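The file target-v5.txt contains compact mmCIF, C-alpha atoms:
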```txt
# COMPACT_ATOMS: atom_id res chain seq x y z
CA MET A 1 -35.34 -2.17 -19.37
CA ASN A 2 -37.97 -1.46 -21.98
CA VAL A 3 -37.88 -3.82 -24.97
CA PRO A 4 -38.59 -1.76 -28.07
CA ASP A 5 -40.42 -3.00 -31.15
CA TYR A 6 -37.83 -2.80 -33.91
CA GLY A 7 -39.26 -5.64 -35.96
CA THR A 8 -39.45 -9.41 -36.16
CA ALA A 9 -35.88 -10.19 -37.21
CA PHE A 10 -34.37 -8.03 -34.48
CA ALA A 11 -36.60 -9.64 -31.86
CA ALA A 12 -35.49 -13.11 -32.98
CA TRP A 13 -31.79 -12.19 -33.08
CA ARG A 14 -31.96 -10.34 -29.77
CA GLY A 15 -33.67 -13.25 -28.05
CA ALA A 16 -31.24 -15.83 -29.37
CA ALA A 17 -28.23 -13.71 -28.33
CA GLY A 18 -29.22 -14.39 -24.73
CA GLN A 19 -26.78 -13.32 -22.04
CA ASP A 20 -24.47 -11.62 -24.52
CA TRP A 21 -27.24 -9.14 -25.26
CA GLN A 22 -27.78 -8.47 -21.56
CA ARG A 23 -24.04 -8.00 -21.04
CA TYR A 24 -24.09 -5.42 -23.82
CA THR A 25 -27.21 -3.40 -22.98
CA ARG A 26 -26.71 -3.57 -19.20
CA HIS A 27 -22.97 -3.11 -19.22
CA ALA A 28 -21.29 -1.18 -16.40
CA PHE A 29 -20.60 1.63 -18.89
CA VAL A 30 -24.34 1.96 -19.59
CA GLU A 31 -25.13 1.89 -15.88
CA GLY A 32 -22.53 4.60 -15.36
CA LEU A 33 -24.35 6.76 -17.89
CA ARG A 34 -27.63 6.03 -16.14
CA GLY A 35 -26.42 6.87 -12.66
CA GLY A 36 -24.07 9.68 -13.63
CA THR A 37 -21.15 7.79 -12.07
CA LEU A 38 -19.16 7.13 -15.24
CA PRO A 39 -15.69 8.71 -14.92
CA GLN A 40 -15.26 11.67 -17.22
CA ALA A 41 -12.00 10.21 -18.55
CA SER A 42 -13.86 7.05 -19.64
CA TYR A 43 -16.64 9.07 -21.27
CA LEU A 44 -14.24 11.23 -23.27
CA HIS A 45 -12.15 8.20 -24.23
CA TYR A 46 -15.37 6.55 -25.43
CA LEU A 47 -16.39 9.62 -27.45
CA ARG A 48 -13.02 9.76 -29.17
CA GLN A 49 -13.05 6.06 -30.00
CA ASP A 50 -16.70 6.18 -31.04
CA TYR A 51 -15.96 9.05 -33.41
CA ALA A 52 -13.39 6.85 -35.16
CA PHE A 53 -15.87 3.98 -35.06
CA LEU A 54 -18.63 6.04 -36.67
CA ILE A 55 -16.41 6.92 -39.63
CA HIS A 56 -16.17 3.22 -40.49
CA PHE A 57 -19.79 2.62 -39.55
CA ALA A 58 -20.89 5.26 -42.04
CA ARG A 59 -18.75 3.53 -44.66
CA ALA A 60 -20.46 0.23 -43.84
CA TRP A 61 -23.90 1.79 -44.35
CA ALA A 62 -22.68 3.30 -47.62
CA LEU A 63 -21.64 -0.23 -48.58
CA ALA A 64 -25.16 -1.36 -47.67
CA ALA A 65 -26.51 1.14 -50.19
CA ALA A 66 -24.23 -0.40 -52.80
CA LYS A 67 -25.39 -3.92 -51.86
CA ALA A 68 -29.08 -2.96 -51.90
CA GLU A 69 -31.47 -4.61 -54.34
CA THR A 70 -34.28 -2.06 -54.22
CA LEU A 71 -34.63 1.70 -54.22
CA ASP A 72 -36.25 1.55 -50.77
CA GLU A 73 -33.26 -0.35 -49.38
CA MET A 74 -30.88 2.14 -50.95
CA ALA A 75 -32.87 5.07 -49.56
CA ALA A 76 -32.92 3.61 -46.04
CA ALA A 77 -29.19 2.90 -46.06
CA SER A 78 -28.36 6.38 -47.33
CA ALA A 79 -30.67 7.94 -44.70
CA THR A 80 -28.73 6.12 -42.01
CA VAL A 81 -25.44 7.44 -43.40
CA HIS A 82 -26.97 10.93 -43.19
CA ALA A 83 -28.00 10.41 -39.56
CA LEU A 84 -24.54 9.19 -38.61
CA VAL A 85 -22.75 12.06 -40.34
CA HIS A 86 -25.16 14.86 -39.42
CA VAL A 87 -26.48 13.83 -35.97
CA GLU A 88 -24.19 11.44 -34.10
CA MET A 89 -20.79 12.67 -35.22
CA PRO A 90 -21.51 16.38 -34.64
CA LEU A 91 -22.59 15.48 -31.09
CA HIS A 92 -19.19 13.92 -30.53
CA VAL A 93 -17.42 16.97 -31.96
CA GLN A 94 -19.43 19.39 -29.81
CA THR A 95 -19.09 17.37 -26.62
CA CYS A 96 -15.36 16.84 -27.00
CA ALA A 97 -14.85 20.54 -27.85
CA SER A 98 -16.63 21.50 -24.63
CA HIS A 99 -14.01 19.44 -22.77
CA GLY A 100 -11.01 20.92 -24.55
CA ILE A 101 -10.61 18.29 -27.29
CA ASP A 102 -10.78 20.14 -30.58
CA ARG A 103 -11.68 18.58 -33.90
CA THR A 104 -8.06 18.23 -34.99
CA ALA A 105 -7.23 16.22 -31.88
CA LEU A 106 -10.43 14.21 -32.23
CA GLU A 107 -9.66 13.24 -35.80
CA ALA A 108 -6.12 12.26 -34.81
CA THR A 109 -7.44 9.62 -32.39
CA THR A 110 -5.63 6.29 -32.68
CA GLU A 111 -8.09 3.42 -32.87
CA ALA A 112 -7.92 1.03 -29.94
CA PRO A 113 -7.64 -2.71 -30.73
CA GLY A 114 -11.25 -3.34 -29.69
CA ASN A 115 -12.38 -0.60 -32.04
CA LEU A 116 -10.34 -2.02 -34.92
CA ALA A 117 -11.73 -5.51 -34.31
CA TYR A 118 -15.34 -4.35 -34.36
CA THR A 119 -15.24 -1.96 -37.31
CA ARG A 120 -13.25 -4.30 -39.50
CA TYR A 121 -15.54 -7.21 -38.68
CA VAL A 122 -18.59 -5.24 -39.80
CA LEU A 123 -16.91 -4.10 -43.00
CA GLU A 124 -15.69 -7.65 -43.71
CA ALA A 125 -19.24 -8.91 -43.29
CA GLY A 126 -20.29 -6.52 -46.03
CA TYR A 127 -17.38 -7.15 -48.36
CA SER A 128 -17.52 -10.95 -48.17
CA GLY A 129 -21.25 -11.34 -47.67
CA ASP A 130 -24.45 -9.83 -48.98
CA PHE A 131 -26.92 -7.22 -47.76
CA LEU A 132 -28.32 -9.55 -45.07
CA ASP A 133 -24.89 -10.35 -43.66
CA LEU A 134 -24.24 -6.65 -43.36
CA MET A 135 -27.60 -5.94 -41.74
CA ALA A 136 -27.06 -8.67 -39.13
CA ALA A 137 -23.61 -7.27 -38.29
CA LEU A 138 -24.86 -3.67 -38.15
CA ALA A 139 -28.04 -4.29 -36.16
CA PRO A 140 -26.52 -4.66 -32.66
CA CYS A 141 -25.06 -1.17 -32.77
CA VAL A 142 -27.96 0.72 -34.33
CA LEU A 143 -30.76 -1.09 -32.54
CA GLY A 144 -28.86 -1.81 -29.34
CA TYR A 145 -28.17 1.89 -28.87
CA GLY A 146 -31.86 2.49 -29.49
CA GLU A 147 -32.80 0.05 -26.74
CA ILE A 148 -30.23 1.55 -24.37
CA GLY A 149 -31.33 5.08 -25.25
CA LEU A 150 -34.95 4.19 -24.57
CA SER A 151 -34.02 2.90 -21.13
CA LEU A 152 -32.14 6.15 -20.40
CA ARG A 153 -34.80 8.48 -21.79
CA GLY A 154 -35.42 11.47 -19.53
CA ASN A 155 -32.10 11.11 -17.71
CA ASP A 156 -31.09 14.56 -16.46
CA GLY A 157 -27.66 13.68 -15.12
CA PRO A 158 -24.25 14.72 -16.46
CA PHE A 159 -24.73 12.56 -19.57
CA ALA A 160 -28.18 13.91 -20.42
CA ASP A 161 -27.13 15.00 -23.92
CA TRP A 162 -26.07 11.48 -24.87
CA CYS A 163 -29.24 10.01 -23.41
CA ALA A 164 -31.39 12.57 -25.21
CA VAL A 165 -29.89 11.73 -28.60
CA TYR A 166 -30.34 7.96 -28.41
CA GLY A 167 -33.57 8.06 -26.44
CA GLY A 168 -35.04 10.85 -28.56
CA GLU A 169 -37.75 10.38 -31.15
CA GLU A 170 -35.44 11.08 -34.10
CA TYR A 171 -33.14 8.19 -33.23
CA GLN A 172 -36.02 5.95 -32.17
CA SER A 173 -37.70 6.58 -35.52
CA LEU A 174 -34.46 5.66 -37.26
CA CYS A 175 -34.37 2.38 -35.31
CA ARG A 176 -37.92 1.52 -36.32
CA ASP A 177 -37.05 2.28 -39.93
CA VAL A 178 -33.94 0.09 -39.77
CA GLY A 179 -35.96 -2.71 -38.17
CA ALA A 180 -38.49 -2.50 -41.00
CA LEU A 181 -35.66 -2.43 -43.53
CA VAL A 182 -34.20 -5.63 -42.08
CA ASP A 183 -37.58 -7.39 -42.01
CA GLY A 184 -38.28 -6.44 -45.60
CA ALA A 185 -34.84 -7.48 -46.77
CA VAL A 186 -35.07 -10.88 -45.06
CA ALA A 187 -38.57 -11.57 -46.42
CA ARG A 188 -37.57 -10.48 -49.93
CA ARG A 189 -34.53 -12.75 -50.08
CA LEU A 190 -35.47 -15.72 -47.89
CA GLY A 191 -39.26 -15.75 -47.67
CA PRO A 192 -41.63 -15.79 -44.68
CA ASP A 193 -40.21 -18.99 -43.18
CA TRP A 194 -36.63 -17.73 -43.18
CA GLN A 195 -36.06 -18.69 -39.52
CA THR A 196 -36.29 -22.38 -40.47
CA LEU A 197 -33.58 -22.11 -43.13
CA PRO A 198 -29.87 -22.87 -42.64
CA ARG A 199 -29.12 -19.26 -43.57
CA ALA A 200 -30.78 -18.16 -40.33
CA THR A 201 -27.92 -19.73 -38.37
CA THR A 202 -25.35 -17.73 -40.33
CA LEU A 203 -27.21 -14.47 -39.77
CA GLN A 204 -27.57 -15.20 -36.06
CA SER A 205 -23.83 -15.82 -35.87
CA ARG A 206 -23.18 -12.44 -37.45
CA PHE A 207 -25.46 -10.74 -34.94
CA ASP A 208 -23.97 -12.63 -32.00
CA THR A 209 -20.38 -11.81 -32.95
CA ALA A 210 -21.18 -8.12 -33.37
CA THR A 211 -22.93 -8.13 -29.99
CA ARG A 212 -19.86 -9.58 -28.28
CA LEU A 213 -17.72 -6.97 -30.00
CA GLU A 214 -20.03 -4.30 -28.58
CA VAL A 215 -19.35 -5.68 -25.11
CA GLY A 216 -15.65 -5.46 -25.87
CA PHE A 217 -16.09 -1.87 -27.01
CA TRP A 218 -17.72 -0.93 -23.68
CA ASP A 219 -14.92 -2.76 -21.83
CA MET A 220 -12.36 -0.75 -23.79
CA ALA A 221 -14.22 2.49 -23.08
CA LEU A 222 -14.20 1.85 -19.32
CA SER A 223 -10.43 1.36 -19.23
CA PRO A 224 -8.82 4.17 -21.23
CA LYS A 225 -5.35 3.51 -19.81
CA SER A 226 -5.33 -0.07 -21.10
CA ALA A 227 -6.65 0.74 -24.59
```
Can you turn what I pasted into structure tokens?
Amino acid sequence: MNVPDYGTAFAAWRGAAGQDWQRYTRHAFVEGLRGGTLPQASYLHYLRQDYAFLIHFARAWALAAAKAETLDEMAAASATVHALVHVEMPLHVQTCASHGIDRTALEATTEAPGNLAYTRYVLEAGYSGDFLDLMAALAPCVLGYGEIGLSLRGNDGPFADWCAVYGGEEYQSLCRDVGALVDGAVARRLGPDWQTLPRATTLQSRFDTATRLEVGFWDMALSPKSA
């Protein structure tokens, strides 16, 4: 799998996450997308749950705009909200509609426990913490999907649309921007030697927990009957 350059902080967090990161980015769900073997029921269940997830994720990025200290941070957070609302979520609506799940049914989706755990954790990180806590909790999803999308770029199987979105230049550019946002935010608040500070352990814990919750989300998506 290609390792993208999304900045210094992401590289440090990703490396320290170890096997949890591999379990996330090389999950059986991802391999099912790659090989075209993912059951359609699992894919549609994932899209419905991810639609509900993205509603809360957009709220978390809006919270990041409120927690921002600079205009550049606010602009980056608001741009991410725009990408979620105008790129990712419409893809879910279109894909589900093509399989007979209209928008009314999509928006009536009941959140699975794994979805609730993940979204509420990210929002809690923002409510109880600061901008950095929120960035560390958000990074596994945004940047992890970028890494996964890059590894699936050019896939022409039944899930080509999904692969094209996350492997495409628009999303990859967003990931690079988010990586730069995180690096700038860390340097601004903690200085160039931030990795030697006690705060680094807290941020790593945020990242690690969110990564494990991503694994749980894939597990949930693979087993729609147990969700």
Margin query: If I take CA of Glu88 in chain A and CA of Gly100 in chain A, how far is one from the other in Å, to one decimal?
Written below: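 Pair CA of Glu88 in chain A / CA of Gly100 in chain A returns 18.8 Å.
Distances from A:Asp219, A:Asp208, A:Asp177, A:Asp183 to His45 in chain A were compared using all atoms listed in the file, and the smallest one belongs to A:Asp219.
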Notebook entry, point to check: How many Å lie between CA of Leu38 in chain A and CA of Arg14 in chain A, rounded to one decimal?
Noted result: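 Those two atoms sit 26.1 Å apart.
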Next item on the list: Would you please work out which residue, of A:Ser173, A:Gln49, A:Thr209, A:Thr196, is nearest to Ala108 in chain A when using only C-alpha atoms?
Entry: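 Closest residue, counting only C-alpha atoms: A:Gln49.
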Notebook entry, point to check: Pick the closest to Cys163 in chain A from A:Ala97, A:Leu91, A:Ala16, A:Val182: which is it, counting all atoms listed in the file?
Noted result: A:Leu91
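Nearest to Thr211 in chain A of all the residues A:Trp13, A:Trp61, A:Trp162, A:Trp21 is A:Trp21, based on all atoms listed in the file.
Put simply, CA of Tyr145 in chain A is 26.5 Å away from CA of Glu69 in chain A.
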Note to self: Excluding Leu174 in chain A and its own-chain neighbours fewer than 6 positions away, which residues fall within 10 Å of it when counting all atoms listed in the file? Please give them as a PyMOL selection string.
What the structure shows: chain A and resi 6+76+79-80+83+142-143+146+180
Checklist line | Residue with smallest distance to Thr110 in chain A - pool A:Leu152, A:Ala52, A:Ala137, A:Leu33, counting all atoms listed in the file | finding: A:Ala52
Next item on the list: Might you pull out every residue within 12 Å of range 127-136 of chain A, with all atoms listed in the file counted and same-chain residues fewer than 5 positions away left off, and present them as a PyMOL selection string?
Entry: chain A and resi 9-10+12-14+17+57+59-70+73-74+76-77+119-122+141-143+178-190+194+199-211
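Proximity of A:Phe53, A:Tyr46, A:Tyr24, A:Phe159 to Leu123 in chain A, computed with only C-alpha atoms, is greatest for A:Phe53.
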Report, as JSON, the centre and edge lengths in Å (one decimal) of the axis-aligned box enclosing every listed atom of range 63-82 of chain A, padded by 4 Å on each side.
```
{"center_x": -28.9, "center_y": 3.2, "center_z": -48.2, "size_x": 22.6, "size_y": 23.5, "size_z": 20.3}
```
Note to self: Can you tell me which residues surround Trp218 in chain A at a distance of at most 10 Å, considering all atoms listed in the file, apart from same-chain residues fewer than 5 positions away, and format the answer as number ranges by chain?
What the structure shows: A: 23-25, 27-30, 42, 46, 114-115, 213, 223
Give me a file of those residues, with C-alpha atoms, as a JSON list (two decimals), in the coordinates of the input.
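File produced: again_22.json:
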```json
[["chain", "number", "residue", "atom", "x", "y", "z"],
["A", 23, "ARG", "CA", -24.04, -8.00, -21.04],
["A", 24, "TYR", "CA", -24.09, -5.42, -23.82],
["A", 25, "THR", "CA", -27.21, -3.40, -22.98],
["A", 27, "HIS", "CA", -22.97, -3.11, -19.22],
["A", 28, "ALA", "CA", -21.29, -1.18, -16.40],
["A", 29, "PHE", "CA", -20.60, 1.63, -18.89],
["A", 30, "VAL", "CA", -24.34, 1.96, -19.59],
["A", 42, "SER", "CA", -13.86, 7.05, -19.64],
["A", 46, "TYR", "CA", -15.37, 6.55, -25.43],
["A", 114, "GLY", "CA", -11.25, -3.34, -29.69],
["A", 115, "ASN", "CA", -12.38, -0.60, -32.04],
["A", 213, "LEU", "CA", -17.72, -6.97, -30.00],
["A", 223, "SER", "CA", -10.43, 1.36, -19.23]]
```
With N, CA and C atoms as the goal, would you fill in the gaps in range 155-185 of chain A and present it as an mmCIF file, in the frame of the given file?
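Everything below was put into rebuild_4.cif:
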```cif
data_model
loop_
_atom_site.group_PDB
_atom_site.id
_atom_site.type_symbol
_atom_site.label_atom_id
_atom_site.label_comp_id
_atom_site.auth_asym_id
_atom_site.auth_seq_id
_atom_site.Cartn_x
_atom_site.Cartn_y
_atom_site.Cartn_z
ATOM 1 N N ASN A 155 -33.200 10.975 -18.660
ATOM 2 C CA ASN A 155 -32.100 11.110 -17.710
ATOM 3 C C ASN A 155 -31.604 12.552 -17.716
ATOM 4 N N ASP A 156 -31.514 13.161 -16.533
ATOM 5 C CA ASP A 156 -31.090 14.560 -16.460
ATOM 6 C C ASP A 156 -29.745 14.713 -15.753
ATOM 7 N N GLY A 157 -28.967 13.651 -15.742
ATOM 8 C CA GLY A 157 -27.660 13.680 -15.120
ATOM 9 C C GLY A 157 -26.609 14.312 -16.013
ATOM 10 N N PRO A 158 -25.340 14.096 -15.690
ATOM 11 C CA PRO A 158 -24.250 14.720 -16.460
ATOM 12 C C PRO A 158 -24.136 14.219 -17.900
ATOM 13 N N PHE A 159 -24.791 13.095 -18.216
ATOM 14 C CA PHE A 159 -24.730 12.560 -19.570
ATOM 15 C C PHE A 159 -26.080 12.679 -20.271
ATOM 16 N N ALA A 160 -26.826 13.709 -19.888
ATOM 17 C CA ALA A 160 -28.180 13.910 -20.420
ATOM 18 C C ALA A 160 -28.179 14.107 -21.929
ATOM 19 N N ASP A 161 -27.157 14.770 -22.473
ATOM 20 C CA ASP A 161 -27.130 15.000 -23.920
ATOM 21 C C ASP A 161 -27.053 13.690 -24.687
ATOM 22 N N TRP A 162 -26.205 12.783 -24.221
ATOM 23 C CA TRP A 162 -26.070 11.480 -24.870
ATOM 24 C C TRP A 162 -27.392 10.726 -24.781
ATOM 25 N N CYS A 163 -27.975 10.714 -23.610
ATOM 26 C CA CYS A 163 -29.240 10.010 -23.410
ATOM 27 C C CYS A 163 -30.345 10.590 -24.272
ATOM 28 N N ALA A 164 -30.351 11.908 -24.420
ATOM 29 C CA ALA A 164 -31.390 12.570 -25.210
ATOM 30 C C ALA A 164 -31.279 12.224 -26.676
ATOM 31 N N VAL A 165 -30.067 12.073 -27.180
ATOM 32 C CA VAL A 165 -29.890 11.730 -28.600
ATOM 33 C C VAL A 165 -30.423 10.335 -28.881
ATOM 34 N N TYR A 166 -29.982 9.347 -28.104
ATOM 35 C CA TYR A 166 -30.340 7.960 -28.410
ATOM 36 C C TYR A 166 -31.734 7.573 -27.895
ATOM 37 N N GLY A 167 -32.227 8.300 -26.914
ATOM 38 C CA GLY A 167 -33.570 8.060 -26.440
ATOM 39 C C GLY A 167 -34.617 8.915 -27.133
ATOM 40 N N GLY A 168 -34.149 9.907 -27.906
ATOM 41 C CA GLY A 168 -35.040 10.850 -28.560
ATOM 42 C C GLY A 168 -35.797 10.245 -29.731
ATOM 43 N N GLU A 169 -36.873 10.912 -30.115
ATOM 44 C CA GLU A 169 -37.750 10.380 -31.150
ATOM 45 C C GLU A 169 -37.048 10.262 -32.499
ATOM 46 N N GLU A 170 -36.126 11.166 -32.806
ATOM 47 C CA GLU A 170 -35.440 11.080 -34.100
ATOM 48 C C GLU A 170 -34.661 9.780 -34.229
ATOM 49 N N TYR A 171 -33.911 9.437 -33.178
ATOM 50 C CA TYR A 171 -33.140 8.190 -33.230
ATOM 51 C C TYR A 171 -34.054 6.983 -33.129
ATOM 52 N N GLN A 172 -35.086 7.066 -32.292
ATOM 53 C CA GLN A 172 -36.020 5.950 -32.170
ATOM 54 C C GLN A 172 -36.740 5.690 -33.497
ATOM 55 N N SER A 173 -37.077 6.739 -34.205
ATOM 56 C CA SER A 173 -37.700 6.580 -35.520
ATOM 57 C C SER A 173 -36.743 5.913 -36.496
ATOM 58 N N LEU A 174 -35.476 6.301 -36.428
ATOM 59 C CA LEU A 174 -34.460 5.660 -37.260
ATOM 60 C C LEU A 174 -34.393 4.167 -36.967
ATOM 61 N N CYS A 175 -34.433 3.798 -35.688
ATOM 62 C CA CYS A 175 -34.370 2.380 -35.310
ATOM 63 C C CYS A 175 -35.572 1.610 -35.860
ATOM 64 N N ARG A 176 -36.741 2.197 -35.770
ATOM 65 C CA ARG A 176 -37.920 1.520 -36.320
ATOM 66 C C ARG A 176 -37.797 1.357 -37.824
ATOM 67 N N ASP A 177 -37.243 2.366 -38.479
ATOM 68 C CA ASP A 177 -37.050 2.280 -39.930
ATOM 69 C C ASP A 177 -36.033 1.196 -40.286
ATOM 70 N N VAL A 178 -34.947 1.116 -39.509
ATOM 71 C CA VAL A 178 -33.940 0.090 -39.770
ATOM 72 C C VAL A 178 -34.523 -1.296 -39.508
ATOM 73 N N GLY A 179 -35.311 -1.427 -38.444
ATOM 74 C CA GLY A 179 -35.960 -2.710 -38.170
ATOM 75 C C GLY A 179 -36.861 -3.135 -39.308
ATOM 76 N N ALA A 180 -37.617 -2.192 -39.859
ATOM 77 C CA ALA A 180 -38.490 -2.500 -41.000
ATOM 78 C C ALA A 180 -37.672 -2.831 -42.233
ATOM 79 N N LEU A 181 -36.553 -2.138 -42.409
ATOM 80 C CA LEU A 181 -35.660 -2.430 -43.530
ATOM 81 C C LEU A 181 -35.152 -3.862 -43.444
ATOM 82 N N VAL A 182 -34.721 -4.277 -42.264
ATOM 83 C CA VAL A 182 -34.200 -5.630 -42.080
ATOM 84 C C VAL A 182 -35.291 -6.663 -42.341
ATOM 85 N N ASP A 183 -36.474 -6.442 -41.793
ATOM 86 C CA ASP A 183 -37.580 -7.390 -42.010
ATOM 87 C C ASP A 183 -37.912 -7.523 -43.485
ATOM 88 N N GLY A 184 -37.972 -6.401 -44.177
ATOM 89 C CA GLY A 184 -38.280 -6.440 -45.600
ATOM 90 C C GLY A 184 -37.206 -7.129 -46.408
ATOM 91 N N ALA A 185 -35.949 -6.878 -46.042
ATOM 92 C CA ALA A 185 -34.840 -7.480 -46.770
ATOM 93 C C ALA A 185 -34.803 -8.990 -46.578
#
```
